[in-house]
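Novice: Got a structure for you, query05.tsv, holding TSV, C-alpha atoms.
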chain	number	residue	atom	x	y	z
A	1	MET	CA	-63.22	268.95	128.15
A	2	LYS	CA	-66.30	268.46	126.01
A	3	ARG	CA	-65.95	267.87	122.30
A	4	GLY	CA	-65.95	271.12	120.36
A	5	GLU	CA	-65.26	273.29	123.42
A	6	ALA	CA	-62.64	275.95	122.73
A	7	PRO	CA	-59.61	275.77	125.07
A	8	HIS	CA	-58.95	279.51	124.82
A	9	THR	CA	-62.52	280.28	125.98
A	10	ILE	CA	-61.95	278.25	129.12
A	11	LEU	CA	-58.71	280.17	129.72
A	12	VAL	CA	-60.55	283.48	129.37
A	13	VAL	CA	-63.20	282.39	131.88
A	14	ALA	CA	-60.51	281.10	134.27
A	15	GLY	CA	-58.63	284.38	134.01
A	16	ILE	CA	-61.76	286.37	134.84
A	17	VAL	CA	-62.43	284.16	137.87
A	18	ILE	CA	-58.84	284.60	139.09
A	19	ILE	CA	-59.08	288.39	138.75
A	20	ILE	CA	-62.35	288.48	140.68
A	21	LEU	CA	-60.89	286.32	143.47
A	22	ALA	CA	-57.74	288.43	143.64
A	23	ALA	CA	-59.80	291.61	143.86
A	24	ALA	CA	-61.95	290.12	146.61
A	25	LEU	CA	-58.87	289.09	148.58
A	26	SER	CA	-57.34	292.54	148.12
A	27	PHE	CA	-60.41	294.39	149.32
A	28	ASN	CA	-60.90	292.08	152.31
A	29	TYR	CA	-57.27	291.77	153.33
A	30	PRO	CA	-56.63	293.20	156.83
A	31	ARG	CA	-55.64	296.81	156.26
A	32	GLU	CA	-53.37	299.13	158.12
A	33	ASP	CA	-54.42	301.21	161.12
A	34	PHE	CA	-55.51	304.79	160.27
A	35	SER	CA	-55.76	304.10	156.53
A	36	VAL	CA	-58.71	305.59	154.64
A	37	TYR	CA	-58.79	302.30	152.71
A	38	ASN	CA	-59.62	300.46	155.92
A	39	GLY	CA	-63.35	300.15	156.62
A	40	GLN	CA	-62.82	298.16	159.82
A	41	TRP	CA	-62.85	299.54	163.37
A	42	ASN	CA	-59.20	300.66	163.22
A	43	GLY	CA	-59.40	302.42	159.85
A	44	ASP	CA	-60.23	305.99	158.82
A	45	SER	CA	-62.72	305.32	156.01
A	46	ASP	CA	-65.43	307.28	157.86
A	47	LEU	CA	-63.35	310.44	157.53
A	48	ARG	CA	-63.63	310.34	153.75
A	49	THR	CA	-67.38	309.86	154.09
A	50	LEU	CA	-67.59	312.95	156.29
A	51	VAL	CA	-65.88	315.19	153.74
A	52	GLN	CA	-66.76	313.71	150.35
A	53	ASN	CA	-70.17	315.39	150.13
A	54	ASP	CA	-68.76	318.87	150.70
A	55	HIS	CA	-65.24	318.69	149.30
A	56	PRO	CA	-63.60	317.02	146.30
A	57	SER	CA	-61.51	314.88	148.62
A	58	SER	CA	-58.75	312.74	147.20
A	59	VAL	CA	-55.90	310.50	148.25
A	60	ILE	CA	-52.27	311.55	148.04
A	61	PHE	CA	-50.16	308.68	146.71
A	62	GLY	CA	-46.95	310.65	147.23
A	63	GLU	CA	-46.05	314.16	148.20
A	64	LYS	CA	-45.08	314.85	144.58
A	65	ASP	CA	-48.84	314.94	143.99
A	66	LEU	CA	-48.89	318.21	145.97
A	67	SER	CA	-46.71	319.86	143.34
A	68	GLY	CA	-48.18	323.18	142.22
A	69	LYS	CA	-50.95	323.14	144.84
A	70	SER	CA	-51.20	326.08	147.22
A	71	SER	CA	-54.66	325.64	148.71
A	72	GLY	CA	-56.65	323.00	150.48
A	73	ALA	CA	-55.98	320.79	153.48
A	74	LEU	CA	-53.53	317.90	153.81
A	75	LEU	CA	-54.50	315.41	156.53
A	76	LEU	CA	-51.53	313.41	157.74
A	77	ILE	CA	-52.90	310.92	160.26
A	78	ASN	CA	-50.32	308.85	162.12
A	79	PRO	CA	-47.71	308.14	159.43
A	80	ASN	CA	-46.26	304.68	159.92
A	81	GLY	CA	-43.09	304.68	162.02
A	82	ASN	CA	-41.35	302.39	159.54
A	83	VAL	CA	-42.00	304.63	156.54
A	84	GLY	CA	-39.82	307.72	156.60
A	85	PHE	CA	-40.21	311.14	155.01
A	86	SER	CA	-37.83	311.66	152.13
A	87	GLN	CA	-36.28	315.05	151.47
A	88	ASP	CA	-38.59	315.37	148.46
A	89	ASP	CA	-41.60	314.65	150.72
A	90	ILE	CA	-40.56	317.33	153.20
A	91	SER	CA	-39.78	319.82	150.44
A	92	SER	CA	-43.19	319.30	148.82
A	93	ILE	CA	-45.08	319.68	152.12
A	94	ARG	CA	-43.00	322.73	153.03
A	95	SER	CA	-43.80	324.39	149.68
A	96	PHE	CA	-47.48	323.47	149.96
A	97	VAL	CA	-47.94	324.95	153.45
A	98	THR	CA	-45.68	327.96	152.87
A	99	ALA	CA	-47.73	328.95	149.82
A	100	GLY	CA	-51.00	328.84	151.77
A	101	GLY	CA	-51.84	325.17	152.15
A	102	LEU	CA	-52.95	323.83	155.51
A	103	LEU	CA	-51.71	320.75	157.35
A	104	LEU	CA	-53.17	318.59	160.09
A	105	THR	CA	-50.74	316.12	161.57
A	106	ALA	CA	-52.28	313.78	164.14
A	107	ASN	CA	-49.68	311.51	165.70
A	108	ASP	CA	-48.77	309.58	168.83
A	109	PHE	CA	-46.16	306.90	168.17
A	110	GLY	CA	-45.60	307.32	164.43
A	111	ASN	CA	-42.85	309.38	162.85
A	112	ALA	CA	-44.34	312.86	162.48
A	113	ASN	CA	-41.42	314.34	164.46
A	114	GLN	CA	-39.21	313.62	161.46
A	115	LEU	CA	-41.47	315.87	159.40
A	116	LEU	CA	-41.51	318.59	162.07
A	117	ASP	CA	-37.70	318.54	162.18
A	118	GLY	CA	-37.60	318.72	158.40
A	119	LEU	CA	-39.91	321.74	158.46
A	120	GLY	CA	-37.60	323.41	161.00
A	121	ILE	CA	-40.09	323.52	163.88
A	122	GLY	CA	-39.10	320.39	165.82
A	123	SER	CA	-37.46	322.53	168.51
A	124	VAL	CA	-40.65	324.53	168.93
A	125	VAL	CA	-43.26	321.77	169.03
A	126	ARG	CA	-43.08	317.98	168.80
A	127	PHE	CA	-44.85	314.80	169.88
A	128	ASN	CA	-43.60	313.57	173.26
A	129	GLY	CA	-43.98	309.84	172.62
A	130	SER	CA	-44.78	308.80	176.21
A	131	LEU	CA	-48.25	307.47	176.99
A	132	LEU	CA	-50.81	309.82	178.58
A	133	TYR	CA	-52.70	308.43	181.60
A	134	ASP	CA	-55.49	309.82	183.71
A	135	ASP	CA	-56.80	307.82	186.68
A	136	TYR	CA	-59.76	310.14	187.32
A	137	TYR	CA	-60.85	311.75	184.07
A	138	ASN	CA	-61.25	308.94	181.58
A	139	TRP	CA	-64.01	307.14	179.73
A	140	ALA	CA	-62.87	303.51	180.13
A	141	GLY	CA	-59.57	303.34	182.02
A	142	ALA	CA	-56.45	305.37	182.75
A	143	ALA	CA	-55.03	304.95	179.22
A	144	LEU	CA	-58.29	306.25	177.71
A	145	PRO	CA	-58.41	309.81	179.08
A	146	SER	CA	-61.14	312.39	178.57
A	147	ILE	CA	-60.07	315.87	177.49
A	148	SER	CA	-62.24	318.75	178.69
A	149	THR	CA	-59.96	321.79	178.96
A	150	PHE	CA	-60.13	323.96	175.83
A	151	SER	CA	-59.21	327.46	174.71
A	152	ASN	CA	-61.76	329.50	172.79
A	153	SER	CA	-61.15	329.05	169.08
A	154	ASP	CA	-62.80	328.00	165.85
A	155	LEU	CA	-61.16	324.59	166.22
A	156	THR	CA	-62.72	323.95	169.62
A	157	SER	CA	-66.13	325.50	169.00
A	158	GLY	CA	-68.95	323.26	170.22
A	159	ILE	CA	-66.55	320.80	171.87
A	160	LYS	CA	-66.91	319.89	175.54
A	161	ASP	CA	-65.24	316.50	175.67
A	162	LEU	CA	-62.81	314.48	173.55
A	163	SER	CA	-62.31	310.76	174.05
A	164	PHE	CA	-58.65	309.80	173.67
A	165	ASN	CA	-57.26	306.31	173.13
A	166	TYR	CA	-53.64	305.56	174.06
A	167	ALA	CA	-52.48	309.09	173.29
A	168	THR	CA	-49.33	311.07	173.88
A	169	VAL	CA	-48.90	314.83	174.47
A	170	LEU	CA	-47.20	317.77	172.77
A	171	ASP	CA	-43.94	319.32	173.95
A	172	VAL	CA	-44.25	323.04	173.28
A	173	GLY	CA	-41.25	325.37	173.37
A	174	THR	CA	-40.66	329.02	172.57
A	175	LEU	CA	-39.42	330.65	169.41
A	176	ASN	CA	-35.81	331.73	169.13
A	177	GLY	CA	-36.70	333.76	166.08
A	178	THR	CA	-39.44	334.25	163.56
A	179	ALA	CA	-38.06	332.36	160.59
A	180	VAL	CA	-36.74	328.85	159.93
A	181	GLY	CA	-35.09	327.00	157.09
A	182	SER	CA	-33.64	328.12	153.79
A	183	PRO	CA	-35.29	329.91	152.17
A	184	ALA	CA	-36.58	331.38	155.40
A	185	VAL	CA	-40.19	330.71	156.40
A	186	SER	CA	-41.84	332.93	158.97
A	187	ILE	CA	-43.68	331.07	161.73
A	188	GLY	CA	-45.95	332.16	164.55
A	189	ASN	CA	-45.92	331.14	168.18
A	190	VAL	CA	-47.59	327.85	169.05
A	191	THR	CA	-51.15	328.32	170.30
A	192	VAL	CA	-52.26	325.58	172.70
A	193	LEU	CA	-55.94	324.80	172.15
A	194	ALA	CA	-56.57	321.83	174.47
A	195	LYS	CA	-54.93	320.26	177.53
A	196	SER	CA	-55.27	317.11	179.60
A	197	SER	CA	-56.56	317.33	183.17
A	198	PRO	CA	-54.46	318.56	186.13
A	199	VAL	CA	-54.12	314.99	187.46
A	200	SER	CA	-53.01	313.39	184.21
A	201	TYR	CA	-49.47	312.09	183.84
A	202	LEU	CA	-47.05	310.40	181.47
A	203	GLY	CA	-46.07	306.76	181.93
A	204	GLY	CA	-44.64	303.74	180.18
A	205	SER	CA	-46.53	301.65	177.67
A	206	ASN	CA	-46.94	298.66	180.01
A	207	VAL	CA	-47.44	300.12	183.49
A	208	ALA	CA	-49.52	303.16	184.40
A	209	SER	CA	-47.04	304.72	186.80
A	210	PRO	CA	-46.19	308.43	186.64
A	211	GLU	CA	-42.85	309.43	185.25
A	212	ASN	CA	-41.06	311.89	187.51
A	213	GLY	CA	-42.43	315.40	187.26
A	214	THR	CA	-44.98	314.62	184.57
A	215	ARG	CA	-48.23	315.03	186.50
A	216	GLY	CA	-50.29	318.03	185.45
A	217	LYS	CA	-51.98	319.63	182.44
A	218	LYS	CA	-50.36	318.73	179.14
A	219	PRO	CA	-50.95	320.23	175.65
A	220	VAL	CA	-52.73	317.81	173.30
A	221	LEU	CA	-53.98	320.15	170.54
A	222	ALA	CA	-52.13	323.16	169.13
A	223	SER	CA	-51.66	325.26	166.01
A	224	LEU	CA	-49.16	327.66	164.49
A	225	THR	CA	-48.84	329.68	161.31
A	226	TYR	CA	-46.19	328.63	158.82
A	227	GLY	CA	-45.56	331.04	155.98
A	228	GLU	CA	-48.96	331.73	154.40
A	229	GLY	CA	-50.39	328.48	155.74
A	230	LYS	CA	-51.16	326.80	159.04
A	231	ILE	CA	-50.19	323.63	160.86
A	232	ILE	CA	-52.48	321.90	163.39
A	233	LEU	CA	-51.08	319.23	165.69
A	234	LEU	CA	-53.11	316.63	167.60
A	235	SER	CA	-51.45	314.13	169.94
A	236	ASP	CA	-53.95	311.31	169.39
A	237	PRO	CA	-54.81	310.09	165.87
A	238	SER	CA	-57.08	307.42	167.38
A	239	VAL	CA	-59.87	309.94	167.92
A	240	PHE	CA	-60.45	309.73	164.15
A	241	ILE	CA	-60.59	305.95	163.65
A	242	ASN	CA	-63.97	304.45	162.75
A	243	ASP	CA	-64.51	303.04	166.23
A	244	MET	CA	-63.72	306.34	167.98
A	245	ILE	CA	-65.06	309.08	165.69
A	246	GLY	CA	-68.53	308.79	167.25
A	247	ARG	CA	-67.34	309.05	170.86
A	248	GLY	CA	-67.55	312.30	172.79
A	249	ASP	CA	-67.11	315.29	170.50
A	250	ASN	CA	-64.47	313.62	168.34
A	251	GLU	CA	-66.51	314.00	165.16
A	252	GLN	CA	-67.14	317.66	165.88
A	253	LEU	CA	-63.39	318.19	166.24
A	254	PHE	CA	-62.79	316.66	162.82
A	255	LYS	CA	-65.48	318.81	161.24
A	256	ASN	CA	-64.00	321.90	162.91
A	257	VAL	CA	-60.53	321.00	161.63
A	258	VAL	CA	-61.74	320.58	158.03
A	259	ALA	CA	-63.79	323.80	158.19
A	260	ASN	CA	-60.84	325.69	159.68
A	261	LEU	CA	-58.30	324.36	157.21
A	262	THR	CA	-60.50	325.06	154.20
A	263	SER	CA	-61.97	328.33	155.54
A	264	GLY	CA	-65.40	326.81	154.95
A	265	ASP	CA	-64.84	326.73	151.18
A	266	PRO	CA	-66.56	323.63	149.72
A	267	GLN	CA	-64.35	323.89	146.62
A	268	ALA	CA	-61.14	323.59	148.62
A	269	PRO	CA	-59.66	320.10	148.20
A	270	VAL	CA	-59.07	317.84	151.19
A	271	PHE	CA	-56.14	315.47	150.72
A	272	PHE	CA	-55.61	312.28	152.73
A	273	ASP	CA	-51.97	311.21	152.77
A	274	GLU	CA	-51.65	307.45	152.22
A	275	SER	CA	-48.05	307.42	151.04
A	276	HIS	CA	-46.68	306.83	154.53
A	277	ARG	CA	-48.36	303.49	155.15
A	278	ALA	CA	-46.59	300.14	155.36
A	279	GLN	CA	-48.96	298.54	152.84
A	280	GLU	CA	-51.58	299.52	150.30
A	281	PRO	CA	-54.27	297.18	148.84
A	282	LEU	CA	-53.32	296.78	145.17
A	283	PHE	CA	-56.76	296.95	143.57
A	284	THR	CA	-57.95	299.80	145.80
A	285	VAL	CA	-54.86	301.84	144.99
A	286	ALA	CA	-55.29	301.12	141.28
A	287	TYR	CA	-58.95	302.14	141.37
A	288	LEU	CA	-58.29	305.40	143.21
A	289	ARG	CA	-55.29	306.21	141.05
A	290	ILE	CA	-57.32	305.70	137.85
A	291	ASN	CA	-60.22	307.64	139.31
A	292	SER	CA	-57.97	310.65	139.91
A	293	ASP	CA	-56.27	310.69	136.48
A	294	GLU	CA	-58.30	311.47	133.36
A	295	THR	CA	-55.74	309.93	131.00
A	296	LEU	CA	-55.73	306.67	132.95
A	297	GLN	CA	-59.53	306.68	132.85
A	298	TYR	CA	-59.47	306.67	129.01
A	299	VAL	CA	-56.86	303.89	128.99
A	300	ALA	CA	-58.94	301.84	131.43
A	301	VAL	CA	-62.08	302.28	129.30
A	302	LEU	CA	-60.24	301.22	126.12
A	303	ALA	CA	-58.75	298.21	127.90
A	304	ALA	CA	-62.18	297.20	129.21
A	305	LEU	CA	-63.71	297.51	125.72
A	306	GLY	CA	-60.88	295.47	124.22
A	307	THR	CA	-61.30	292.74	126.81
A	308	PHE	CA	-65.06	292.70	126.25
A	309	ALA	CA	-64.60	292.42	122.48
A	310	ALA	CA	-62.10	289.58	122.92
A	311	VAL	CA	-64.50	287.66	125.14
A	312	LEU	CA	-67.37	288.12	122.64
A	313	THR	CA	-65.17	286.92	119.77
A	314	ALA	CA	-64.13	283.83	121.73
A	315	MET	CA	-67.78	283.06	122.50
A	316	ARG	CA	-68.80	283.40	118.83
A	317	ILE	CA	-66.02	281.07	117.69
A	318	ASN	CA	-67.03	278.57	120.33
A	319	ARG	CA	-70.69	278.65	119.17
A	320	ARG	CA	-69.64	278.00	115.57
A	321	LYS	CA	-67.60	275.01	116.57
A	322	ARG	CA	-70.46	273.63	118.65
A	323	LYS	CA	-72.67	273.80	115.52
A	324	GLY	CA	-70.16	271.67	113.63
A	325	ILE	CA	-68.65	274.43	111.50
A	326	ASP	CA	-64.93	273.96	111.10
A	327	VAL	CA	-63.74	277.56	111.12
A	328	SER	CA	-60.30	276.61	109.89
A	329	GLN	CA	-61.83	275.38	106.61
A	330	LEU	CA	-63.96	278.43	105.78
A	331	ARG	CA	-61.43	279.83	103.28
A	332	LEU	CA	-60.13	276.59	101.72
A	333	THR	CA	-59.48	276.47	97.98
A	334	ASP	CA	-61.37	274.01	95.74
A	335	GLU	CA	-58.36	271.71	95.54
A	336	ALA	CA	-57.93	271.74	99.32
A	337	MET	CA	-61.61	270.88	99.85
A	338	LEU	CA	-61.40	268.17	97.16
A	339	SER	CA	-58.37	266.65	98.87
A	340	ASP	CA	-60.02	266.77	102.29
A	341	VAL	CA	-63.24	265.08	101.14
A	342	ALA	CA	-61.25	262.44	99.24
A	343	LYS	CA	-59.37	261.54	102.40
A	344	ARG	CA	-62.59	261.23	104.36
A	345	HIS	CA	-64.36	259.19	101.62
A	346	PRO	CA	-61.79	257.27	99.56
A	347	GLU	CA	-64.60	255.23	98.00
A	348	TRP	CA	-65.88	258.33	96.14
A	349	SER	CA	-64.53	259.23	92.72
A	350	THR	CA	-63.06	262.65	91.97
A	351	THR	CA	-65.92	263.37	89.57
A	352	GLN	CA	-68.53	262.65	92.26
A	353	ILE	CA	-66.77	264.93	94.73
A	354	ARG	CA	-66.55	267.82	92.25
A	355	LYS	CA	-70.29	267.50	91.48
A	356	LEU	CA	-71.04	267.51	95.20
A	357	LEU	CA	-69.01	270.67	95.83
A	358	ARG	CA	-70.56	272.39	92.81
A	359	GLY	CA	-74.03	271.54	94.08
A	360	THR	CA	-73.22	272.94	97.51
A	361	ARG	CA	-72.25	276.32	96.01
A	362	ILE	CA	-75.43	276.46	93.95
A	363	GLY	CA	-77.46	275.68	97.06
A	364	LYS	CA	-75.82	278.55	98.91
A	365	LYS	CA	-76.54	280.96	96.06
A	366	LYS	CA	-80.20	279.97	95.98
A	367	ARG	CA	-80.55	280.62	99.73
Starting from the file, lay out its structure as structure tokens.
Specialist:
Amino acid sequence: MKRGEAPHTILVVAGIVIIILAAALSFNYPREDFSVYNGQWNGDSDLRTLVQNDHPSSVIFGEKDLSGKSSGALLLINPNGNVGFSQDDISSIRSFVTAGGLLLTANDFGNANQLLDGLGIGSVVRFNGSLLYDDYYNWAGAALPSISTFSNSDLTSGIKDLSFNYATVLDVGTLNGTAVGSPAVSIGNVTVLAKSSPVSYLGGSNVASPENGTRGKKPVLASLTYGEGKIILLSDPSVFINDMIGRGDNEQLFKNVVANLTSGDPQAPVFFDESHRAQEPLFTVAYLRINSDETLQYVAVLAALGTFAAVLTAMRINRRKRKGIDVSQLRLTDEAMLSDVAKRHPEWSTTQIRKLLRGTRIGKKKR
């Protein structure tokens, strides 16, 4: 350390460097599949880009954030199989959709069936979980099937081909009534909107061999009404990852889904659920959380101003010390200064020192 250099200034600089490095590591740390935080090939960051210009899109940090909301679209894309839905989660989603909110759940091997069971529709429609294969209609191998059979609907408008990637299918049953749960929620029959080809089949994850009786057309996209809202189910979330969104008509499907769920209203919010991920980058979560809360924004601004002021103060003190000004002596009494000078120059008499100090004051007044 150089003479006159303030130790606390070095600590401030070191702290800033550590924070910058930590932020860099957080933003560049490998992120989870299907996360809107993930800008790599397996993330869903492009989805936010597609909607942010037309809708005030935001991230849901927990289903409690849906409280009081009855409009807009909640996009639940492949919730992590190791992160369950609590009863509070299910209750919040149920209230949101029942009141008029709209839900897309795209899943293959996650845990969306837990949510469907919680909503009381698991016996009507659910994700099969077996892998969909197609030896003839595919874009790069049997486990990467092409979907080209669609029903006429707003969701499938302008779509001729979807490129799937290790997908499953939907098991669709029939209603035993028109209401589920307590309090009762009226639901409509499941409408199948897209199917795999007639030669497709279900197989294991390691070997593409047909399971008994599974060859034939299988539902992969469907919808149903739920109270005042709607639920859309897609059996392959991979069509929306950054590496797949540009293949076939996958992007058009996403645009159709958003337009359908929001009824084309640019003011309708689009929520991305990130609360069912195994991990969340700390600094990204903090940034988005602050950005969505006005009170936290004020706190962040005040904290930033306080930090800036502290750094400036440390720099000013450091400059004074470099110029040879002993800050600790600026408010010394006459006797204290007399004693200090006497210690430094024992050969001087007390009278000489007093004259010197008096002359210094006069010099200051003249300047």
Novice: What would the list of residues within 8 Å of (-67.5, 324.1, 145.6) (file frame) look like as a list in words, if only C-alpha atoms are what count?
Specialist: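 Checked against the point, the hits come out as Asp54, His55, Asp265, Pro266, Gln267 and Ala268 of chain A.
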Novice: For A:Gly68, which residue out of A:Gly158, A:Val51, A:Ser86, A:Ser92 is the nearest one, using all atoms listed in the file?
Specialist: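 When distances to A:Gly68 are compared using all atoms listed in the file, the smallest one comes from A:Ser92.
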Novice: If you count only C-alpha atoms, which residues fall within 8 Å of stretch 243-245 of chain A, apart from same-chain ones fewer than 5 positions away, as a short mmCIF file (atom, residue, chain, number, x, y, z; two decimals) with C-alpha atoms, in the frame of the given file?
Specialist:
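Contents of part03.cif, freshly written:
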data_model
loop_
_atom_site.label_atom_id
_atom_site.label_comp_id
_atom_site.auth_asym_id
_atom_site.auth_seq_id
_atom_site.Cartn_x
_atom_site.Cartn_y
_atom_site.Cartn_z
CA TRP A 41 -62.85 299.54 163.37
CA ASN A 42 -59.20 300.66 163.22
CA SER A 163 -62.31 310.76 174.05
CA SER A 238 -57.08 307.42 167.38
CA ASN A 250 -64.47 313.62 168.34
CA GLU A 251 -66.51 314.00 165.16
#
Novice: Find the residue from A:Gly181, A:Gly101, A:Gly43, A:Gly216 that sits nearest to A:Lys69; use only C-alpha atoms when measuring.
Specialist: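 Closest residue, counting only C-alpha atoms: A:Gly101.
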Novice: Please build the interface table for stretch 178-236 of chain A against stretch 252-264 of chain A with a cut-off of 12 Å, listing for each qualifying residue the nearest atom pair and the distance in Å to one decimal; count only C-alpha atoms, order rows by chain and increasing number, and write it as CSV.
Specialist:
residue,atom,partner,partner_atom,distance
A:Leu193,CA,A:Leu253,CA,11.6
A:Ala194,CA,A:Leu253,CA,11.3
A:Leu221,CA,A:Leu253,CA,10.5
A:Ala222,CA,A:Val257,CA,11.5
A:Ser223,CA,A:Val257,CA,10.8
A:Thr225,CA,A:Leu261,CA,11.6
A:Gly229,CA,A:Leu261,CA,9.0
A:Lys230,CA,A:Leu261,CA,7.8
A:Ile231,CA,A:Leu261,CA,8.9
A:Ile232,CA,A:Val257,CA,8.3
A:Leu233,CA,A:Val257,CA,10.4
A:Leu234,CA,A:Val257,CA,10.5
Novice: Separation of atom CA of A:Gly141 and atom CA of A:Asn80, in Å?
Specialist: 25.8 Å
Novice: Residues at most 6 Å from A:Ile187, counting only C-alpha atoms, excluding those fewer than 4 positions away in the same chain, as a list of chain:residue names?
Specialist: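 What passes the distance filter is A:Thr178, A:Ala179, A:Thr225, A:Tyr226.
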Novice: Name the closest residue to A:Arg247 among the candidates A:Ser197, A:Ser151, A:Asn165, A:Thr98; distances are taken between atoms, counting all atoms listed in the file.
Specialist: A:Asn165
Novice: Considering all atoms listed in the file, can you say which of A:Ala278, A:Val199, A:Leu115, A:Val125 comes closest to A:Ile147?
Specialist: A:Val199
Novice: Between A:Thr168, A:Thr174, A:Ser148, A:Ser95, which is the closest to A:Gly122 once you count only C-alpha atoms?
Specialist: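 That would be A:Thr174, the residue with the smallest distance to A:Gly122.
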Novice: Could you state the separation of atom CA of A:Leu74 and atom CA of A:Val270 in Å, given to one decimal place?
Specialist: 6.1 Å
Novice: Pick the closest to A:Phe240 from A:Pro79, A:Glu32, A:Phe164, A:Ile93: which is it, counting all atoms listed in the file?
Specialist: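 Ranked by minimum distance to A:Phe240, first place goes to A:Phe164.
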Novice: I want to know what sits within 8 Å of A:Asn242, based on all atoms listed in the file, with residues of the same chain fewer than 4 positions away left out; could you give that as an MDAnalysis selection string?
Specialist: chainID A and resid 39:47 246
Novice: Emit the selected residues as a short mmCIF file (atom, residue, chain, number, x, y, z; two decimals), keeping the file's coordinate frame, including C-alpha atoms.
Specialist:
data_model
loop_
_atom_site.label_atom_id
_atom_site.label_comp_id
_atom_site.auth_asym_id
_atom_site.auth_seq_id
_atom_site.Cartn_x
_atom_site.Cartn_y
_atom_site.Cartn_z
CA GLY A 39 -63.35 300.15 156.62
CA GLN A 40 -62.82 298.16 159.82
CA TRP A 41 -62.85 299.54 163.37
CA ASN A 42 -59.20 300.66 163.22
CA GLY A 43 -59.40 302.42 159.85
CA ASP A 44 -60.23 305.99 158.82
CA SER A 45 -62.72 305.32 156.01
CA ASP A 46 -65.43 307.28 157.86
CA LEU A 47 -63.35 310.44 157.53
CA GLY A 246 -68.53 308.79 167.25
#
Novice: Have a look at atom CA of A:Ala112 and atom CA of A:Gly100 and let me know their distance in Å, one decimal.
Specialist: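 About the pair atom CA of A:Ala112 and atom CA of A:Gly100: they are 20.4 Å apart.
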Novice: Mind listing as number ranges by chain all residues within 9 Å of (-44.7, 310.9, 161.9), counting only C-alpha atoms?
Specialist: A: 76-81, 83-85, 105-116, 127, 276
Novice: Contacts of A:Ser196 at 12 Å or less, counting all atoms listed in the file, minus same-chain residues fewer than 4 places along, as number ranges by chain?
Specialist: A: 132-138, 144-150, 161-164, 167-170, 192, 200-202, 214-221, 235-236
Novice: Take stretch 54-67 of chain A from the block and save it with N, CA and C atoms, as a tab-separated table (two decimals), in the first residue's frame.
Specialist:
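Writing done, so here's result_11.tsv:
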chain	number	residue	atom	x	y	z
A	54	ASP	N	-45.70	-5.76	-27.77
A	54	ASP	CA	-47.15	-5.62	-27.87
A	54	ASP	C	-47.87	-5.76	-26.53
A	55	HIS	N	-47.22	-6.38	-25.57
A	55	HIS	CA	-47.88	-6.63	-24.28
A	55	HIS	C	-46.93	-6.29	-23.14
A	56	PRO	N	-47.47	-5.79	-22.04
A	56	PRO	CA	-46.64	-5.53	-20.86
A	56	PRO	C	-46.29	-6.84	-20.15
A	57	SER	N	-45.49	-7.64	-20.81
A	57	SER	CA	-45.16	-8.97	-20.28
A	57	SER	C	-44.38	-8.85	-18.98
A	58	SER	N	-44.53	-9.85	-18.14
A	58	SER	CA	-43.80	-9.86	-16.88
A	58	SER	C	-43.53	-11.29	-16.48
A	59	VAL	N	-42.75	-11.44	-15.41
A	59	VAL	CA	-42.41	-12.76	-14.90
A	59	VAL	C	-43.17	-13.00	-13.60
A	60	ILE	N	-43.71	-14.19	-13.46
A	60	ILE	CA	-44.37	-14.56	-12.22
A	60	ILE	C	-43.35	-15.25	-11.32
A	61	PHE	N	-43.10	-14.68	-10.14
A	61	PHE	CA	-42.14	-15.27	-9.22
A	61	PHE	C	-42.81	-16.27	-8.30
A	62	GLY	N	-44.10	-16.27	-8.28
A	62	GLY	CA	-44.89	-17.21	-7.48
A	62	GLY	C	-46.34	-16.99	-7.80
A	63	GLU	N	-47.14	-18.02	-7.68
A	63	GLU	CA	-48.54	-17.89	-8.07
A	63	GLU	C	-49.30	-16.88	-7.21
A	64	LYS	N	-48.74	-16.53	-6.05
A	64	LYS	CA	-49.38	-15.49	-5.24
A	64	LYS	C	-49.40	-14.17	-5.99
A	65	ASP	N	-48.49	-14.01	-6.97
A	65	ASP	CA	-48.47	-12.78	-7.77
A	65	ASP	C	-49.68	-12.67	-8.69
A	66	LEU	N	-50.43	-13.76	-8.84
A	66	LEU	CA	-51.65	-13.73	-9.66
A	66	LEU	C	-52.84	-13.22	-8.87
A	67	SER	N	-52.66	-13.05	-7.57
A	67	SER	CA	-53.76	-12.65	-6.70
A	67	SER	C	-54.44	-11.39	-7.21
